[in-house]
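Colleague: What follows is my_file.tsv, TSV, C-alpha atoms.
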chain	number	residue	atom	x	y	z
D	1	MET	CA	1.14	10.11	79.44
D	2	GLU	CA	3.04	8.97	76.35
D	3	ILE	CA	0.02	8.85	74.04
D	4	GLU	CA	-0.80	12.47	74.88
D	5	LYS	CA	2.80	13.41	74.10
D	6	LEU	CA	2.50	11.60	70.76
D	7	HIS	CA	-0.74	13.41	69.93
D	8	LYS	CA	0.91	16.75	70.70
D	9	ALA	CA	3.95	15.87	68.59
D	10	LEU	CA	1.73	14.89	65.65
D	11	CYS	CA	-0.18	18.15	65.87
D	12	GLU	CA	2.89	20.36	66.17
D	13	ALA	CA	5.25	18.71	63.68
D	14	ASP	CA	5.99	20.51	60.42
D	15	ALA	CA	6.82	17.17	58.81
D	16	ILE	CA	6.27	13.53	59.74
D	17	VAL	CA	8.42	10.66	58.54
D	18	VAL	CA	6.77	7.29	59.14
D	19	GLY	CA	8.79	4.10	59.26
D	20	ALA	CA	6.43	1.12	59.00
D	21	GLY	CA	7.50	-2.40	59.93
D	22	ALA	CA	5.88	-5.79	60.32
D	23	GLY	CA	4.19	-4.81	63.57
D	24	LEU	CA	1.90	-2.41	61.70
D	25	SER	CA	0.51	-5.07	59.37
D	26	THR	CA	0.27	-7.58	62.20
D	27	SER	CA	-1.85	-5.08	64.10
D	28	ALA	CA	-4.02	-4.66	60.98
D	29	GLY	CA	-4.74	-8.41	61.07
D	30	PHE	CA	-2.18	-9.74	58.61
D	31	THR	CA	-0.99	-12.50	60.91
D	32	TYR	CA	1.12	-15.29	59.42
D	33	SER	CA	0.13	-18.06	61.81
D	34	GLY	CA	-2.80	-19.27	63.89
D	35	GLU	CA	-6.40	-19.23	62.72
D	36	ARG	CA	-5.77	-17.20	59.57
D	37	PHE	CA	-3.06	-19.59	58.42
D	38	GLN	CA	-5.23	-22.62	59.21
D	39	GLN	CA	-8.15	-21.14	57.29
D	40	HIS	CA	-6.31	-20.66	54.00
D	41	PHE	CA	-3.59	-23.35	54.06
D	42	ALA	CA	-5.12	-26.36	55.84
D	43	ASP	CA	-4.12	-28.74	53.03
D	44	PHE	CA	-0.49	-27.61	53.02
D	45	ILE	CA	-0.39	-27.78	56.82
D	46	GLU	CA	-1.73	-31.33	56.78
D	47	LYS	CA	0.74	-32.49	54.14
D	48	TYR	CA	3.91	-30.73	55.29
D	49	GLY	CA	3.31	-29.79	58.91
D	50	PHE	CA	3.82	-26.07	58.25
D	51	THR	CA	3.43	-23.80	61.29
D	52	ASP	CA	3.29	-20.38	59.64
D	53	MET	CA	3.29	-18.64	56.26
D	54	TYR	CA	6.74	-17.16	56.65
D	55	SER	CA	8.64	-20.41	57.09
D	56	ALA	CA	6.41	-22.20	54.58
D	57	GLY	CA	7.53	-19.70	51.95
D	58	PHE	CA	11.05	-21.15	52.07
D	59	TYR	CA	9.97	-24.77	51.57
D	60	PRO	CA	11.50	-26.47	48.48
D	61	PHE	CA	8.33	-27.79	46.89
D	62	PRO	CA	8.90	-30.78	44.59
D	63	THR	CA	7.21	-29.19	41.56
D	64	GLU	CA	6.65	-25.68	40.23
D	65	GLU	CA	2.95	-26.43	40.06
D	66	GLU	CA	2.84	-26.98	43.82
D	67	HIS	CA	5.22	-24.09	44.53
D	68	TRP	CA	2.91	-21.65	42.77
D	69	ALA	CA	-0.23	-23.17	44.29
D	70	TYR	CA	1.23	-22.24	47.68
D	71	TRP	CA	2.67	-18.89	46.63
D	72	SER	CA	-0.43	-17.70	44.77
D	73	ARG	CA	-2.40	-18.11	48.00
D	74	HIS	CA	0.38	-16.49	50.03
D	75	ILE	CA	0.37	-13.49	47.69
D	76	TYR	CA	-3.39	-13.25	47.39
D	77	TYR	CA	-4.23	-13.32	51.09
D	78	ASN	CA	-1.43	-10.92	52.01
D	79	ARG	CA	-1.72	-8.50	49.10
D	80	TYR	CA	-5.09	-8.51	47.39
D	81	VAL	CA	-7.59	-8.97	50.21
D	82	PRO	CA	-8.61	-5.98	52.38
D	83	ALA	CA	-6.94	-5.51	55.76
D	84	PRO	CA	-9.08	-7.17	58.47
D	85	LYS	CA	-8.77	-4.10	60.73
D	86	PRO	CA	-8.83	-0.35	59.88
D	87	VAL	CA	-5.30	0.35	61.16
D	88	TYR	CA	-3.99	1.79	57.90
D	89	ASP	CA	-7.17	3.84	57.44
D	90	ASN	CA	-6.76	5.42	60.87
D	91	LEU	CA	-3.11	6.19	60.19
D	92	LEU	CA	-4.09	7.98	56.99
D	93	LYS	CA	-6.60	10.10	58.92
D	94	LEU	CA	-3.74	11.21	61.16
D	95	LEU	CA	-1.48	12.11	58.27
D	96	LYS	CA	-3.63	13.27	55.36
D	97	ASP	CA	-3.38	16.99	56.17
D	98	LYS	CA	0.30	16.81	57.10
D	99	ASP	CA	3.53	16.96	55.11
D	100	TYR	CA	4.46	13.29	55.47
D	101	PHE	CA	6.49	10.54	53.88
D	102	VAL	CA	6.38	6.78	54.53
D	103	ILE	CA	9.25	4.34	54.27
D	104	THR	CA	8.24	0.72	54.83
D	105	THR	CA	9.72	-2.75	54.91
D	106	ASN	CA	6.23	-4.22	54.47
D	107	VAL	CA	5.46	-5.79	51.11
D	108	ASP	CA	1.67	-6.07	51.34
D	109	HIS	CA	0.79	-2.77	49.58
D	110	GLN	CA	-1.67	-1.77	52.29
D	111	PHE	CA	-0.71	1.90	52.25
D	112	GLN	CA	-1.93	2.38	48.69
D	113	LYS	CA	-4.99	0.22	49.30
D	114	ALA	CA	-5.88	2.57	52.18
D	115	GLY	CA	-5.54	5.62	49.94
D	116	PHE	CA	-2.09	6.98	50.80
D	117	ASP	CA	-0.47	9.20	48.16
D	118	LYS	CA	1.80	6.95	46.05
D	119	GLN	CA	4.26	9.82	45.68
D	120	ARG	CA	4.84	9.73	49.45
D	121	LEU	CA	5.65	6.01	49.75
D	122	PHE	CA	8.88	4.05	49.52
D	123	TYR	CA	8.60	0.24	49.62
D	124	THR	CA	12.21	-0.72	50.26
D	125	GLN	CA	11.86	-4.49	50.35
D	126	GLY	CA	9.60	-5.14	47.36
D	127	ASP	CA	5.95	-5.89	46.74
D	128	TYR	CA	3.96	-9.13	46.80
D	129	GLY	CA	2.12	-7.76	43.76
D	130	LEU	CA	5.19	-7.79	41.51
D	131	PHE	CA	7.09	-10.55	39.73
D	132	GLN	CA	10.70	-10.36	38.51
D	133	CYS	CA	13.12	-12.57	36.64
D	134	ALA	CA	14.71	-14.94	39.15
D	135	LYS	CA	18.26	-14.47	37.75
D	136	PRO	CA	17.57	-11.53	37.17
D	137	CYS	CA	18.38	-10.99	33.49
D	138	HIS	CA	16.99	-7.43	33.54
D	139	GLN	CA	15.90	-4.79	36.07
D	140	LYS	CA	12.15	-4.71	35.55
D	141	THR	CA	9.11	-5.93	37.50
D	142	TYR	CA	5.68	-7.11	36.38
D	143	ASP	CA	2.23	-6.81	37.94
D	144	ASN	CA	0.94	-10.24	38.95
D	145	GLU	CA	-2.66	-9.68	40.05
D	146	GLU	CA	-4.40	-11.25	37.07
D	147	LEU	CA	-2.16	-14.32	36.99
D	148	VAL	CA	-2.26	-14.86	40.76
D	149	LYS	CA	-6.05	-14.77	40.73
D	150	ARG	CA	-6.11	-17.32	37.90
D	151	MET	CA	-3.77	-19.57	39.90
D	152	ILE	CA	-6.15	-19.31	42.87
D	153	ALA	CA	-9.21	-20.08	40.75
D	154	GLU	CA	-7.74	-22.95	38.74
D	155	GLN	CA	-5.56	-24.85	41.24
D	156	MET	CA	-6.61	-28.34	42.26
D	157	ASP	CA	-5.04	-30.78	44.73
D	158	MET	CA	-2.46	-28.16	45.73
D	159	ARG	CA	-1.24	-27.65	42.16
D	160	ILE	CA	-1.79	-25.06	39.48
D	161	PRO	CA	-2.12	-25.99	35.79
D	162	SER	CA	1.34	-26.22	34.20
D	163	GLU	CA	0.46	-23.58	31.62
D	164	LEU	CA	0.10	-20.99	34.41
D	165	ILE	CA	3.68	-21.35	35.64
D	166	PRO	CA	5.16	-17.87	35.14
D	167	ARG	CA	8.25	-17.36	32.97
D	168	CYS	CA	10.50	-14.37	32.40
D	169	PRO	CA	9.29	-12.57	29.25
D	170	VAL	CA	12.90	-11.79	28.26
D	171	CYS	CA	14.98	-14.95	28.92
D	172	GLY	CA	12.20	-17.50	29.44
D	173	GLY	CA	13.64	-18.54	32.80
D	174	PRO	CA	11.96	-18.84	36.19
D	175	ILE	CA	10.04	-15.95	37.74
D	176	LYS	CA	9.91	-15.11	41.44
D	177	VAL	CA	8.17	-12.58	43.66
D	178	ASN	CA	9.90	-9.21	43.95
D	179	LEU	CA	11.00	-9.58	47.58
D	180	ARG	CA	14.41	-8.61	48.95
D	181	ALA	CA	16.12	-11.81	50.08
D	182	ASP	CA	19.52	-11.67	48.36
D	183	GLU	CA	21.47	-9.88	45.64
D	184	THR	CA	18.98	-10.94	42.95
D	185	PHE	CA	16.33	-8.47	44.21
D	186	VAL	CA	15.32	-6.12	41.39
D	187	GLU	CA	15.30	-2.41	42.19
D	188	ASP	CA	13.30	-1.19	39.21
D	189	GLU	CA	12.73	2.36	37.98
D	190	GLY	CA	9.82	2.89	40.38
D	191	TRP	CA	11.95	1.77	43.32
D	192	HIS	CA	14.71	4.25	42.46
D	193	THR	CA	12.24	7.09	41.92
D	194	ALA	CA	10.67	6.47	45.35
D	195	SER	CA	14.14	6.28	46.94
D	196	GLU	CA	15.04	9.66	45.45
D	197	ARG	CA	11.80	11.23	46.71
D	198	TYR	CA	12.47	9.91	50.20
D	199	THR	CA	16.05	11.21	50.21
D	200	GLU	CA	14.86	14.62	49.05
D	201	PHE	CA	12.15	14.75	51.73
D	202	ILE	CA	14.70	14.00	54.45
D	203	ARG	CA	17.11	16.60	53.03
D	204	ARG	CA	14.40	19.25	52.87
D	205	HIS	CA	13.38	18.77	56.52
D	206	LYS	CA	16.73	17.88	58.09
D	207	ASP	CA	16.74	20.94	60.40
D	208	GLY	CA	13.00	21.37	60.86
D	209	LYS	CA	10.45	20.31	63.44
D	210	VAL	CA	10.22	16.69	62.34
D	211	LEU	CA	8.49	13.76	63.97
D	212	PHE	CA	10.15	10.45	63.13
D	213	LEU	CA	7.36	7.94	63.77
D	214	ASP	CA	8.53	4.33	64.03
D	215	LEU	CA	5.57	1.95	63.79
D	216	GLY	CA	6.30	-1.73	64.29
D	217	SER	CA	9.99	-2.01	63.44
D	218	GLY	CA	11.45	-5.33	64.47
D	219	GLY	CA	14.93	-6.68	64.97
D	220	ASN	CA	15.44	-8.01	61.43
D	221	THR	CA	16.02	-4.78	59.50
D	222	PRO	CA	16.68	-1.89	61.94
D	223	VAL	CA	19.11	-0.31	59.46
D	224	ILE	CA	16.26	0.51	57.07
D	225	PHE	CA	14.66	3.22	59.20
D	226	LYS	CA	14.93	2.71	62.96
D	227	ILE	CA	18.66	3.42	63.24
D	228	PRO	CA	18.53	6.32	60.73
D	229	PHE	CA	15.55	7.85	62.58
D	230	ILE	CA	17.49	7.75	65.85
D	231	ARG	CA	20.61	9.16	64.22
D	232	TRP	CA	18.72	12.02	62.53
D	233	THR	CA	16.99	12.86	65.81
D	234	MET	CA	20.39	13.09	67.47
D	235	GLN	CA	21.57	15.47	64.75
D	236	ASN	CA	18.48	17.69	64.78
D	237	PRO	CA	17.55	19.28	68.14
D	238	ASN	CA	14.12	20.17	66.72
D	239	ALA	CA	13.27	16.55	65.97
D	240	THR	CA	11.28	14.02	68.00
D	241	TYR	CA	11.55	10.24	67.75
D	242	ALA	CA	8.43	8.22	68.57
D	243	THR	CA	8.10	4.46	68.49
D	244	VAL	CA	5.00	2.30	68.90
D	245	ASN	CA	5.35	-1.47	68.97
D	246	LEU	CA	3.98	-4.32	71.03
D	247	GLY	CA	6.83	-5.48	73.24
D	248	GLU	CA	9.64	-4.12	71.06
D	249	ALA	CA	9.51	-0.33	71.47
D	250	PHE	CA	12.71	1.31	72.70
D	251	THR	CA	14.94	4.34	72.21
D	252	VAL	CA	18.51	5.29	73.20
D	253	ASP	CA	19.71	7.36	76.12
D	254	GLN	CA	21.12	10.13	73.94
D	255	ILE	CA	17.64	11.21	72.80
D	256	ALA	CA	15.55	9.98	75.72
D	257	ASP	CA	14.30	13.52	76.41
D	258	ARG	CA	13.03	13.80	72.80
D	259	SER	CA	11.62	10.30	72.51
D	260	ILE	CA	8.13	8.90	72.93
D	261	VAL	CA	8.08	5.16	73.61
D	262	ILE	CA	4.80	3.23	73.60
D	263	ASN	CA	4.87	-0.52	74.11
D	264	GLY	CA	1.43	-1.43	72.86
D	265	ASP	CA	-0.70	-2.55	69.93
D	266	ILE	CA	-0.36	-0.01	67.11
D	267	GLY	CA	-4.01	-0.27	66.11
D	268	GLU	CA	-5.19	0.46	69.65
D	269	VAL	CA	-2.85	3.45	69.89
D	270	LEU	CA	-4.07	4.86	66.57
D	271	GLU	CA	-7.67	4.37	67.68
D	272	LYS	CA	-6.99	6.40	70.83
D	273	LEU	CA	-5.35	9.12	68.76
D	274	ARG	CA	-8.38	9.06	66.46
D	275	MET	CA	-10.64	9.67	69.45
D	276	MET	CA	-8.40	12.47	70.71
D	277	ASN	CA	-8.74	14.16	67.33
D	278	GLY	CA	-12.52	13.91	67.60
D	279	TRP	CA	-12.97	11.76	64.51
D	280	VAL	CA	-16.34	10.14	64.12
D	281	ARG	CA	-16.41	6.42	63.41
D	282	MET	CA	-18.18	5.70	60.15
Could you take the file, read its structure, and then write that structure out as structure tokens?
Modeller:
Amino acid sequence: MEIEKLHKALCEADAIVVGAGAGLSTSAGFTYSGERFQQHFADFIEKYGFTDMYSAGFYPFPTEEEHWAYWSRHIYYNRYVPAPKPVYDNLLKLLKDKDYFVITTNVDHQFQKAGFDKQRLFYTQGDYGLFQCAKPCHQKTYDNEELVKRMIAEQMDMRIPSELIPRCPVCGGPIKVNLRADETFVEDEGWHTASERYTEFIRRHKDGKVLFLDLGSGGNTPVIFKIPFIRWTMQNPNATYATVNLGEAFTVDQIADRSIVINGDIGEVLEKLRMMNGWVRM
């Protein structure tokens, strides 16, 4: 059974490299449509006919006040509220006594909220919790928690007060969320430090007994970790590639004998692994 093979691989690996994609946060309850979207954005849905948070984020709102009324909620409910399900917590229980590193395309900061070691995390695509100059005029990011919470508290009729519109502290121009969408994405000092740590971790374990654990990678950004994981497994006969994703889990023929493929909900798989490890639910 594949889940038993994954449990064995987790136990026997000298190092574990986790690649975390959108499927992991979806499993944790951070869905961008349906009931959760209706609950927090009913007014925007009624006015504009939005169907999900992702597409709504690209809408050209007529004023900055309305733009930030939407985006403050988008940030808050996907960055500052606790995960609805203990998926990240269960993953940490699997990894906490292991030599691990996490590379993720997720921007919701849930790894650190669950207690993962910051020194073992690389957020490649940004963070909902950071602002940057929209140009950008300089390569620095700024924590947005206090301002976002003020926008949430003080908005009325789908608008924030004009004085809360964020501006770049250097050039005075527009601010945007630090999310990779084009060449204006800011890779600040923290980003480069995390990238270097990740590169060094891979270098240090390139010939060892490594488990490359792909959790929830989709078709949008396979070059970030899925393709490298497969390539490194090909190059290292001691490595194992495992992928867990609901409806999108696959490997390649060249490493089929060293692959574990589980098409299923990540949270349910982690719960089964938790039970196999004999953890007690608190």
Colleague: Can you pull out the residues contacting Glu163 in chain D? Cut-off 12 Å, using all atoms listed in the file, and skip same-chain residues under 2 positions away; I want them as a ChimeraX atom specification.
Modeller: /D:64-65,68,147,150-151,154-155,159-161,165-167
Colleague: Neighbours of Gly115 in chain D within 9 Å (all atoms listed in the file; same-chain residues fewer than 3 positions away dropped), as a count of residues only?
Modeller: 7
Colleague: Please measure the separation of CA of Gly49 in chain D and CA of His109 in chain D, giving the value in Å to one decimal.
Modeller: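 Between these atoms lies a distance of 28.7 Å.
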Colleague: Pick the closest to Tyr80 in chain D from D:Lys149, D:Arg120, D:Lys209, D:Lys96: which is it, counting all atoms listed in the file?
Modeller: D:Lys149
Colleague: If you measure from CA of Phe37 in chain D to CA of Thr105 in chain D, what distance in Å do you get, rounded to one decimal?
Modeller: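 According to the coordinates, CA of Phe37 in chain D and CA of Thr105 in chain D are separated by 21.4 Å.
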Colleague: Nearest to Asn78 in chain D: which of D:Asn236, D:Ser162, D:Ser25, D:Gln254 is it, counting only C-alpha atoms?
Modeller: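 Going through D:Asn236, D:Ser162, D:Ser25, D:Gln254 one by one, the smallest distance to Asn78 in chain D is for D:Ser25.
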Colleague: May I ask for the distance between CA of Val18 in chain D and CA of Glu189 in chain D, given in Å to one decimal place?
Modeller: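 A separation of 22.5 Å between them.
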